[in-house]
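S.K.: Input protein_15.cif, format and content: mmCIF, C-alpha atoms.
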```cif
data_final
#
loop_
_atom_site.group_PDB
_atom_site.id
_atom_site.type_symbol
_atom_site.label_atom_id
_atom_site.label_comp_id
_atom_site.auth_asym_id
_atom_site.auth_seq_id
_atom_site.Cartn_x
_atom_site.Cartn_y
_atom_site.Cartn_z
ATOM 1 C CA MET A 1 -8.038 -43.131 -2.484
ATOM 2 C CA ALA A 2 -5.829 -40.078 -2.167
ATOM 3 C CA LYS A 3 -6.195 -37.062 -4.437
ATOM 4 C CA GLN A 4 -3.683 -34.274 -5.108
ATOM 5 C CA LEU A 5 -5.005 -30.810 -4.189
ATOM 6 C CA ARG A 6 -3.770 -27.429 -5.317
ATOM 7 C CA GLY A 7 -0.623 -26.480 -3.485
ATOM 8 C CA GLY A 8 0.546 -30.073 -3.134
ATOM 9 C CA ILE A 9 -1.907 -31.122 -0.385
ATOM 10 C CA VAL A 10 -2.919 -34.763 -0.469
ATOM 11 C CA ARG A 11 -6.409 -35.643 0.614
ATOM 12 C CA THR A 12 -8.394 -38.848 1.042
ATOM 13 C CA ARG A 13 -11.898 -39.455 -0.213
ATOM 14 C CA TRP A 14 -13.470 -37.959 2.921
ATOM 15 C CA GLN A 15 -11.074 -35.094 3.519
ATOM 16 C CA PRO A 16 -12.778 -32.629 1.087
ATOM 17 C CA ILE A 17 -16.059 -32.944 2.969
ATOM 18 C CA LEU A 18 -14.379 -32.581 6.347
ATOM 19 C CA MET A 19 -12.298 -29.598 5.158
ATOM 20 C CA LEU A 20 -15.296 -27.739 3.748
ATOM 21 C CA ALA A 21 -17.341 -28.527 6.843
ATOM 22 C CA LEU A 22 -14.583 -27.107 9.032
ATOM 23 C CA ILE A 23 -14.350 -23.933 6.930
ATOM 24 C CA LEU A 24 -18.101 -23.393 7.054
ATOM 25 C CA LEU A 25 -18.180 -24.088 10.794
ATOM 26 C CA VAL A 26 -15.473 -21.502 11.481
ATOM 27 C CA PHE A 27 -17.151 -18.765 9.429
ATOM 28 C CA ALA A 28 -20.603 -19.590 10.757
ATOM 29 C CA ALA A 29 -19.279 -19.328 14.291
ATOM 30 C CA SER A 30 -17.529 -16.016 13.566
ATOM 31 C CA TYR A 31 -20.547 -14.460 11.912
ATOM 32 C CA GLY A 32 -23.008 -15.902 14.426
ATOM 33 C CA ALA A 33 -21.005 -14.441 17.278
ATOM 34 C CA SER A 34 -20.905 -11.031 15.607
ATOM 35 C CA ARG A 35 -24.676 -10.986 15.127
ATOM 36 C CA LEU A 36 -25.364 -12.238 18.623
ATOM 37 C CA LEU A 37 -23.171 -9.627 20.258
ATOM 38 C CA SER A 38 -24.392 -6.769 18.039
ATOM 39 C CA GLY A 39 -21.069 -6.203 16.352
ATOM 40 C CA SER A 40 -18.683 -7.596 18.963
ATOM 41 C CA ILE A 41 -16.618 -10.343 17.354
ATOM 42 C CA ASP A 42 -13.692 -12.492 18.307
ATOM 43 C CA GLN A 43 -10.352 -10.974 17.374
ATOM 44 C CA PRO A 44 -8.986 -13.187 14.592
ATOM 45 C CA ARG A 45 -5.363 -13.138 13.590
ATOM 46 C CA ILE A 46 -5.262 -11.733 10.067
ATOM 47 C CA ALA A 47 -1.489 -11.624 9.846
ATOM 48 C CA PRO A 48 1.359 -12.098 12.316
ATOM 49 C CA GLU A 49 1.160 -9.551 15.162
ATOM 50 C CA GLN A 50 -2.004 -7.962 13.741
ATOM 51 C CA GLU A 51 -5.240 -7.955 15.735
ATOM 52 C CA THR A 52 -8.767 -6.777 15.084
ATOM 53 C CA SER A 53 -11.372 -4.827 16.995
ATOM 54 C CA SER A 54 -15.075 -4.442 16.305
ATOM 55 C CA VAL A 55 -16.163 -1.490 14.137
ATOM 56 C CA GLY A 56 -19.735 -2.507 13.378
ATOM 57 C CA ALA A 57 -21.906 -5.556 12.894
ATOM 58 C CA GLY A 58 -19.927 -8.149 10.973
ATOM 59 C CA ALA A 59 -16.846 -5.937 10.662
ATOM 60 C CA ALA A 60 -13.463 -5.862 12.368
ATOM 61 C CA GLN A 61 -10.726 -3.256 12.225
ATOM 62 C CA VAL A 62 -7.140 -4.428 11.813
ATOM 63 C CA SER A 63 -4.900 -2.863 14.439
ATOM 64 C CA PRO A 64 -2.348 -1.790 13.607
ATOM 65 C CA PRO A 65 -3.035 -1.704 9.860
ATOM 66 C CA PHE A 66 -0.390 -3.399 7.735
ATOM 67 C CA ARG A 67 0.569 -2.997 4.113
ATOM 68 C CA VAL A 68 -0.513 -6.045 2.149
ATOM 69 C CA SER A 69 1.883 -7.627 -0.301
ATOM 70 C CA ASP A 70 1.674 -6.514 -3.899
ATOM 71 C CA PHE A 71 0.771 -9.153 -6.467
ATOM 72 C CA THR A 72 0.286 -9.259 -10.206
ATOM 73 C CA LEU A 73 -2.362 -11.385 -11.910
ATOM 74 C CA THR A 74 -4.253 -11.479 -15.192
ATOM 75 C CA SER A 75 -7.115 -8.987 -15.145
ATOM 76 C CA LYS A 76 -10.577 -9.467 -16.607
ATOM 77 C CA THR A 77 -9.317 -7.643 -19.713
ATOM 78 C CA GLY A 78 -6.621 -10.282 -20.200
ATOM 79 C CA GLU A 79 -3.807 -7.867 -19.358
ATOM 80 C CA PRO A 80 -1.456 -8.139 -16.358
ATOM 81 C CA MET A 81 -2.639 -6.088 -13.402
ATOM 82 C CA SER A 82 -1.020 -5.386 -10.026
ATOM 83 C CA LEU A 83 -2.803 -4.613 -6.788
ATOM 84 C CA SER A 84 -0.520 -1.600 -6.357
ATOM 85 C CA GLU A 85 -2.081 -0.038 -9.463
ATOM 86 C CA LEU A 86 -5.194 0.569 -7.366
ATOM 87 C CA ARG A 87 -3.405 2.643 -4.744
ATOM 88 C CA GLY A 88 -4.633 6.185 -4.366
ATOM 89 C CA LYS A 89 -8.180 4.982 -3.681
ATOM 90 C CA PRO A 90 -9.636 2.646 -1.048
ATOM 91 C CA THR A 91 -10.227 -0.857 -2.405
ATOM 92 C CA LEU A 92 -12.912 -3.346 -1.402
ATOM 93 C CA LEU A 93 -11.561 -6.801 -2.213
ATOM 94 C CA VAL A 94 -13.179 -10.227 -2.081
ATOM 95 C CA PHE A 95 -11.973 -13.678 -3.137
ATOM 96 C CA GLY A 96 -14.331 -16.131 -4.796
ATOM 97 C CA TYR A 97 -15.245 -17.701 -8.133
ATOM 98 C CA THR A 98 -17.834 -16.997 -10.798
ATOM 99 C CA ASN A 99 -19.799 -20.238 -10.401
ATOM 100 C CA CYS A 100 -20.299 -19.635 -6.675
ATOM 101 C CA PRO A 101 -24.011 -20.172 -5.976
ATOM 102 C CA ASP A 102 -24.506 -17.815 -3.044
ATOM 103 C CA VAL A 103 -21.644 -16.153 -1.135
ATOM 104 C CA CYS A 104 -19.980 -14.434 -4.096
ATOM 105 C CA PRO A 105 -23.087 -13.051 -5.826
ATOM 106 C CA MET A 106 -24.472 -11.887 -2.487
ATOM 107 C CA THR A 107 -21.210 -10.129 -1.629
ATOM 108 C CA LEU A 108 -20.930 -8.485 -5.043
ATOM 109 C CA ALA A 109 -24.543 -7.377 -4.748
ATOM 110 C CA GLU A 110 -23.556 -5.746 -1.440
ATOM 111 C CA PHE A 111 -20.694 -4.028 -3.274
ATOM 112 C CA THR A 112 -23.177 -2.534 -5.740
ATOM 113 C CA GLN A 113 -25.223 -1.241 -2.811
ATOM 114 C CA VAL A 114 -22.092 0.256 -1.260
ATOM 115 C CA LYS A 115 -21.509 2.098 -4.523
ATOM 116 C CA THR A 116 -25.032 3.444 -4.467
ATOM 117 C CA LEU A 117 -24.752 4.528 -0.824
ATOM 118 C CA LEU A 118 -21.511 6.379 -1.541
ATOM 119 C CA GLY A 119 -23.196 8.488 -4.196
ATOM 120 C CA ASP A 120 -20.811 11.030 -5.697
ATOM 121 C CA ASN A 121 -17.897 9.440 -3.809
ATOM 122 C CA ALA A 122 -18.355 6.055 -5.491
ATOM 123 C CA ASN A 123 -15.797 6.872 -8.177
ATOM 124 C CA ASP A 124 -13.196 7.318 -5.443
ATOM 125 C CA VAL A 125 -13.347 3.619 -4.507
ATOM 126 C CA ASN A 126 -12.131 0.447 -6.245
ATOM 127 C CA PHE A 127 -14.127 -2.780 -6.135
ATOM 128 C CA LEU A 128 -12.023 -5.888 -6.788
ATOM 129 C CA PHE A 129 -13.002 -9.546 -7.239
ATOM 130 C CA VAL A 130 -10.155 -12.096 -7.283
ATOM 131 C CA THR A 131 -11.104 -15.563 -8.447
ATOM 132 C CA VAL A 132 -9.561 -18.622 -6.803
ATOM 133 C CA ASP A 133 -10.689 -20.727 -9.763
ATOM 134 C CA GLY A 134 -8.222 -19.562 -12.383
ATOM 135 C CA GLN A 135 -8.501 -22.720 -14.460
ATOM 136 C CA ARG A 136 -12.156 -22.055 -15.286
ATOM 137 C CA ASP A 137 -12.580 -18.308 -14.778
ATOM 138 C CA THR A 138 -11.066 -16.952 -17.980
ATOM 139 C CA PRO A 139 -10.943 -13.202 -18.693
ATOM 140 C CA GLN A 140 -14.102 -13.467 -20.789
ATOM 141 C CA VAL A 141 -15.944 -15.409 -18.092
ATOM 142 C CA MET A 142 -14.836 -12.855 -15.502
ATOM 143 C CA THR A 143 -15.900 -9.933 -17.671
ATOM 144 C CA ASN A 144 -19.348 -11.387 -18.329
ATOM 145 C CA TYR A 145 -19.817 -12.185 -14.660
ATOM 146 C CA LEU A 146 -18.643 -8.912 -13.138
ATOM 147 C CA ASP A 147 -20.303 -6.718 -15.739
ATOM 148 C CA GLY A 148 -23.594 -8.253 -14.602
ATOM 149 C CA PHE A 149 -23.046 -6.416 -11.311
ATOM 150 C CA ASP A 150 -21.128 -3.325 -12.375
ATOM 151 C CA GLU A 151 -18.861 -2.762 -15.353
ATOM 152 C CA SER A 152 -16.463 -0.745 -13.217
ATOM 153 C CA PHE A 153 -15.661 -3.692 -10.937
ATOM 154 C CA TYR A 154 -12.117 -4.967 -11.368
ATOM 155 C CA GLY A 155 -11.463 -8.669 -11.792
ATOM 156 C CA MET A 156 -8.236 -10.619 -11.351
ATOM 157 C CA ILE A 157 -7.587 -14.283 -12.085
ATOM 158 C CA GLY A 158 -5.697 -15.932 -9.253
ATOM 159 C CA ASP A 159 -3.070 -18.630 -9.676
ATOM 160 C CA ASP A 160 -2.145 -21.092 -6.951
ATOM 161 C CA GLU A 161 1.394 -19.830 -6.482
ATOM 162 C CA THR A 162 0.310 -16.235 -5.929
ATOM 163 C CA LEU A 163 -2.714 -17.088 -3.811
ATOM 164 C CA THR A 164 -0.605 -19.319 -1.586
ATOM 165 C CA ARG A 165 1.947 -16.531 -1.137
ATOM 166 C CA ILE A 166 -0.642 -14.001 0.042
ATOM 167 C CA SER A 167 -3.001 -16.389 1.824
ATOM 168 C CA ASN A 168 -1.747 -15.687 5.355
ATOM 169 C CA GLU A 169 -2.433 -11.963 4.997
ATOM 170 C CA TYR A 170 -6.107 -12.583 4.247
ATOM 171 C CA GLY A 171 -6.727 -15.883 6.023
ATOM 172 C CA LEU A 172 -7.471 -17.215 2.547
ATOM 173 C CA VAL A 173 -8.503 -20.866 2.276
ATOM 174 C CA TYR A 174 -9.896 -22.586 -0.813
ATOM 175 C CA ALA A 175 -10.193 -26.087 -2.239
ATOM 176 C CA ASP A 176 -11.775 -27.640 -5.321
ATOM 177 C CA ASP A 177 -14.610 -30.097 -4.889
ATOM 178 C CA ALA A 178 -15.494 -32.871 -7.341
ATOM 179 C CA VAL A 179 -17.177 -32.325 -10.705
ATOM 180 C CA PHE A 180 -20.554 -34.085 -10.733
ATOM 181 C CA ASP A 181 -21.962 -36.225 -13.536
ATOM 182 C CA ASP A 182 -25.621 -36.370 -14.595
ATOM 183 C CA HIS A 183 -26.354 -39.370 -12.391
ATOM 184 C CA ASP A 184 -25.122 -37.423 -9.374
ATOM 185 C CA HIS A 185 -27.985 -34.922 -9.566
ATOM 186 C CA ALA A 186 -29.878 -34.785 -6.309
ATOM 187 C CA ASP A 187 -33.186 -34.844 -8.197
ATOM 188 C CA GLY A 188 -32.017 -37.330 -10.796
ATOM 189 C CA VAL A 189 -32.817 -34.922 -13.632
ATOM 190 C CA ALA A 190 -30.146 -33.939 -16.143
ATOM 191 C CA ASP A 191 -30.162 -30.590 -17.913
ATOM 192 C CA ASN A 192 -28.537 -29.279 -21.075
ATOM 193 C CA HIS A 193 -25.691 -27.350 -19.457
ATOM 194 C CA ASP A 194 -22.030 -28.059 -19.979
ATOM 195 C CA HIS A 195 -21.555 -30.068 -16.791
ATOM 196 C CA ALA A 196 -17.772 -30.008 -16.950
ATOM 197 C CA GLN A 197 -18.045 -26.233 -16.575
ATOM 198 C CA ASP A 198 -21.153 -25.784 -14.447
ATOM 199 C CA GLU A 199 -21.364 -28.615 -11.907
ATOM 200 C CA TYR A 200 -18.579 -28.129 -9.440
ATOM 201 C CA SER A 201 -17.918 -26.185 -6.285
ATOM 202 C CA VAL A 202 -14.913 -24.487 -4.739
ATOM 203 C CA GLY A 203 -14.931 -24.154 -0.986
ATOM 204 C CA HIS A 204 -13.417 -20.789 -0.097
ATOM 205 C CA SER A 205 -13.186 -18.291 2.736
ATOM 206 C CA SER A 206 -15.804 -15.561 2.566
ATOM 207 C CA PRO A 207 -14.695 -12.253 4.192
ATOM 208 C CA SER A 208 -14.195 -9.035 2.245
ATOM 209 C CA PHE A 209 -11.308 -6.662 2.872
ATOM 210 C CA LEU A 210 -10.997 -2.887 2.885
ATOM 211 C CA ILE A 211 -7.541 -1.708 1.827
ATOM 212 C CA ASP A 212 -6.782 1.980 2.186
ATOM 213 C CA GLN A 213 -5.338 4.434 -0.314
ATOM 214 C CA ASN A 214 -1.777 3.510 0.648
ATOM 215 C CA GLY A 215 -2.179 -0.248 0.435
ATOM 216 C CA PHE A 216 -2.789 -0.968 4.144
ATOM 217 C CA LEU A 217 -5.400 -3.488 5.236
ATOM 218 C CA ARG A 218 -7.778 -1.587 7.510
ATOM 219 C CA THR A 219 -11.017 -3.531 7.907
ATOM 220 C CA VAL A 220 -12.314 -7.091 7.496
ATOM 221 C CA PHE A 221 -16.008 -7.598 6.681
ATOM 222 C CA PHE A 222 -17.356 -11.031 7.501
ATOM 223 C CA PHE A 223 -19.974 -12.546 5.210
ATOM 224 C CA GLY A 224 -23.311 -10.970 6.036
ATOM 225 C CA ALA A 225 -21.941 -7.537 6.917
ATOM 226 C CA LYS A 226 -24.347 -4.864 5.710
ATOM 227 C CA ALA A 227 -23.616 -2.516 2.838
ATOM 228 C CA GLU A 228 -24.190 0.397 5.213
ATOM 229 C CA THR A 229 -21.383 -0.848 7.468
ATOM 230 C CA MET A 230 -19.025 -1.168 4.508
ATOM 231 C CA ALA A 231 -19.974 2.263 3.187
ATOM 232 C CA ASP A 232 -19.426 3.889 6.600
ATOM 233 C CA ASN A 233 -15.906 2.448 6.814
ATOM 234 C CA VAL A 234 -15.119 3.576 3.275
ATOM 235 C CA ARG A 235 -16.352 7.101 4.052
ATOM 236 C CA GLU A 236 -14.014 7.186 7.046
ATOM 237 C CA LEU A 237 -11.046 6.438 4.789
ATOM 238 C CA LEU A 238 -12.164 9.020 2.252
ATOM 239 C CA GLY A 239 -12.443 11.542 5.068
ATOM 240 C CA GLU A 240 -8.872 10.839 6.113
ATOM 241 C CA SER A 241 -7.614 11.760 2.669
ATOM 242 C CA ALA A 242 -9.773 14.847 2.300
#
```
With the file now loaded, output its structure as structure tokens.
M.R.:
Amino acid sequence: MAKQLRGGIVRTRWQPILMLALILLVFAASYGASRLLSGSIDQPRIAPEQETSSVGAGAAQVSPPFRVSDFTLTSKTGEPMSLSELRGKPTLLVFGYTNCPDVCPMTLAEFTQVKTLLGDNANDVNFLFVTVDGQRDTPQVMTNYLDGFDESFYGMIGDDETLTRISNEYGLVYADDAVFDDHDHADGVADNHDHAQDEYSVGHSSPSFLIDQNGFLRTVFFFGAKAETMADNVRELLGESA
């Protein structure tokens, strides 16, 4: 039975599993190669005519840097917010969703470590989380989630039209999975949570992105990149503007 996906994609019953498996396989291969070669990674195409070169374990530098498209979304405060408003400071950006069980909280935890490593320079950097699950991640949900990591972290609520428009610049891929009922629990035990809200998953790409003070994409951090690597790349940008 076919199901309509965001962006007008039609999938069959098995396509969600195959799609997510393919996404995970690609990222596992990319990260595994970077770890195996001590920082040397394949050179993925981030945007047309842009290439990457290794700048540390799990990181790749975009060469030449390119200015990412501006976009405006609802912020975690409920007000419209544009990416261009963050210019003037480097920005660490990651896409995800608040109910993500592992990748997103681990990445945001790395962001908090980056802030700590930067010390007095931490206020010169923006940290931005853009949810790909705009139907569930309301401003209040985003605020509660991000404030659990750091109240200064910015949050933006993505919509399908905007995310589709910018997806090629970030290699962004995401897709909703099914919502599970009580009888679908692996252990057969139901709990008291609101299952319509809690029991679902959204397959999504996992890299983080370092955008410089002028809005140019400079570095891609694959999932698993260390906070020290991120902090070193941020310091380099701060040094350029000193």
S.K.: A:Val202, A:Ile211, A:Leu163, A:Leu146: which is nearest Ala175 in chain A, counting all atoms listed in the file?
M.R.: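 Among A:Val202, A:Ile211, A:Leu163, A:Leu146, it is A:Val202 that comes nearest to Ala175 in chain A.
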S.K.: Find the residues around Lys226 in chain A up to 8 Å (all atoms listed in the file counted), leave out those fewer than 4 positions away in its own chain, and share them as a ChimeraX atom specification.
M.R.: /A:57-58,110,230
S.K.: One number please: CA of Thr112 in chain A to CA of Asp160 in chain A, in Å, one decimal.
M.R.: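 Between CA of Thr112 in chain A and CA of Asp160 in chain A the gap is 28.1 Å.
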S.K.: Suppose you want the space between CA of Asn168 in chain A and CA of Lys89 in chain A; what is it in Å?
M.R.: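 So the two atoms, CA of Asn168 in chain A and CA of Lys89 in chain A, lie 23.5 Å apart.
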S.K.: Can you translate the PyMOL selection byres ((chain A and resi 101) around 12) into the concrete residues it hits in this file, as a compact mmCIF listing (two decimals) with C-alpha atoms, in the frame of the given file?
M.R.:
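Written out: out_24.txt:
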```txt
# COMPACT_ATOMS: atom_id res chain seq x y z
CA GLY A 96 -14.33 -16.13 -4.80
CA TYR A 97 -15.24 -17.70 -8.13
CA THR A 98 -17.83 -17.00 -10.80
CA ASN A 99 -19.80 -20.24 -10.40
CA CYS A 100 -20.30 -19.64 -6.68
CA ASP A 102 -24.51 -17.82 -3.04
CA VAL A 103 -21.64 -16.15 -1.14
CA CYS A 104 -19.98 -14.43 -4.10
CA PRO A 105 -23.09 -13.05 -5.83
CA MET A 106 -24.47 -11.89 -2.49
CA THR A 107 -21.21 -10.13 -1.63
CA ASP A 198 -21.15 -25.78 -14.45
CA GLU A 199 -21.36 -28.62 -11.91
CA TYR A 200 -18.58 -28.13 -9.44
CA SER A 201 -17.92 -26.18 -6.28
CA VAL A 202 -14.91 -24.49 -4.74
CA GLY A 203 -14.93 -24.15 -0.99
```
S.K.: I'd like to know which of A:Ser84, A:Ser206, A:Thr91, A:Thr162 is closest to Val234 in chain A, using only C-alpha atoms.
M.R.: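 Ranked by minimum distance to Val234 in chain A, first place goes to A:Thr91.
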S.K.: Rounded to one decimal place, report the CA of Gly239 in chain A-CA of Phe71 in chain A distance in Å.
M.R.: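 For CA of Gly239 in chain A relative to CA of Phe71 in chain A, the distance reads 27.1 Å.
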S.K.: List the residues selected by the PyMOL selection byres ((chain A and resi 115-130) around 7) in the file shown, writing them as a list in words.
M.R.: Lys89, Pro90, Thr91, Leu92, Leu93, Val94, Phe95, Gly96, Phe111, Thr112, Gln113, Val114, Thr131, Val132, Phe153, Tyr154, Gly155, Met156, Ile157, Gly158 and Ala231 of chain A
S.K.: Return as a list in words the set of residues that the PyMOL selection byres ((chain A and resi 140) around 12) yields on the displayed structure.
M.R.: Thr74, Ser75, Lys76, Thr77, Gly78, Glu79, Thr98, Gly134, Arg136, Asp137, Thr138, Pro139, Val141, Met142, Thr143, Asn144, Tyr145, Leu146, Asp147, Gly155, Met156 and Ile157 of chain A
S.K.: With C-alpha atoms retained, could you export that selection as a PDB file, keeping the file's coordinate frame?
M.R.:
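Once everything was written out, this is again-v7.pdb:
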```pdb
ATOM      1  CA  THR A  74      -4.253 -11.479 -15.192  1.00  0.00           C
ATOM      2  CA  SER A  75      -7.115  -8.987 -15.145  1.00  0.00           C
ATOM      3  CA  LYS A  76     -10.577  -9.467 -16.607  1.00  0.00           C
ATOM      4  CA  THR A  77      -9.317  -7.643 -19.713  1.00  0.00           C
ATOM      5  CA  GLY A  78      -6.621 -10.282 -20.200  1.00  0.00           C
ATOM      6  CA  GLU A  79      -3.807  -7.867 -19.358  1.00  0.00           C
ATOM      7  CA  THR A  98     -17.834 -16.997 -10.798  1.00  0.00           C
ATOM      8  CA  GLY A 134      -8.222 -19.562 -12.383  1.00  0.00           C
ATOM      9  CA  ARG A 136     -12.156 -22.055 -15.286  1.00  0.00           C
ATOM     10  CA  ASP A 137     -12.580 -18.308 -14.778  1.00  0.00           C
ATOM     11  CA  THR A 138     -11.066 -16.952 -17.980  1.00  0.00           C
ATOM     12  CA  PRO A 139     -10.943 -13.202 -18.693  1.00  0.00           C
ATOM     13  CA  VAL A 141     -15.944 -15.409 -18.092  1.00  0.00           C
ATOM     14  CA  MET A 142     -14.836 -12.855 -15.502  1.00  0.00           C
ATOM     15  CA  THR A 143     -15.900  -9.933 -17.671  1.00  0.00           C
ATOM     16  CA  ASN A 144     -19.348 -11.387 -18.329  1.00  0.00           C
ATOM     17  CA  TYR A 145     -19.817 -12.185 -14.660  1.00  0.00           C
ATOM     18  CA  LEU A 146     -18.643  -8.912 -13.138  1.00  0.00           C
ATOM     19  CA  ASP A 147     -20.303  -6.718 -15.739  1.00  0.00           C
ATOM     20  CA  GLY A 155     -11.463  -8.669 -11.792  1.00  0.00           C
ATOM     21  CA  MET A 156      -8.236 -10.619 -11.351  1.00  0.00           C
ATOM     22  CA  ILE A 157      -7.587 -14.283 -12.085  1.00  0.00           C
TER      23      ILE A 157
END
```
S.K.: Return the padded bounding box of range 149-159 of chain A as JSON: axis-aligned, built from all atoms listed in the file, 3 Å added on each side, with centre and edge lengths in Å to one decimal.
M.R.:
```
{"center_x": -13.1, "center_y": -9.7, "center_z": -12.3, "size_x": 26.0, "size_y": 23.9, "size_z": 12.1}
```
S.K.: Using only C-alpha atoms, which of A:Asp159, A:Gly148, A:Ala225, A:Leu237 sits nearest Leu210 in chain A?
M.R.: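 Closest candidate: A:Leu237.
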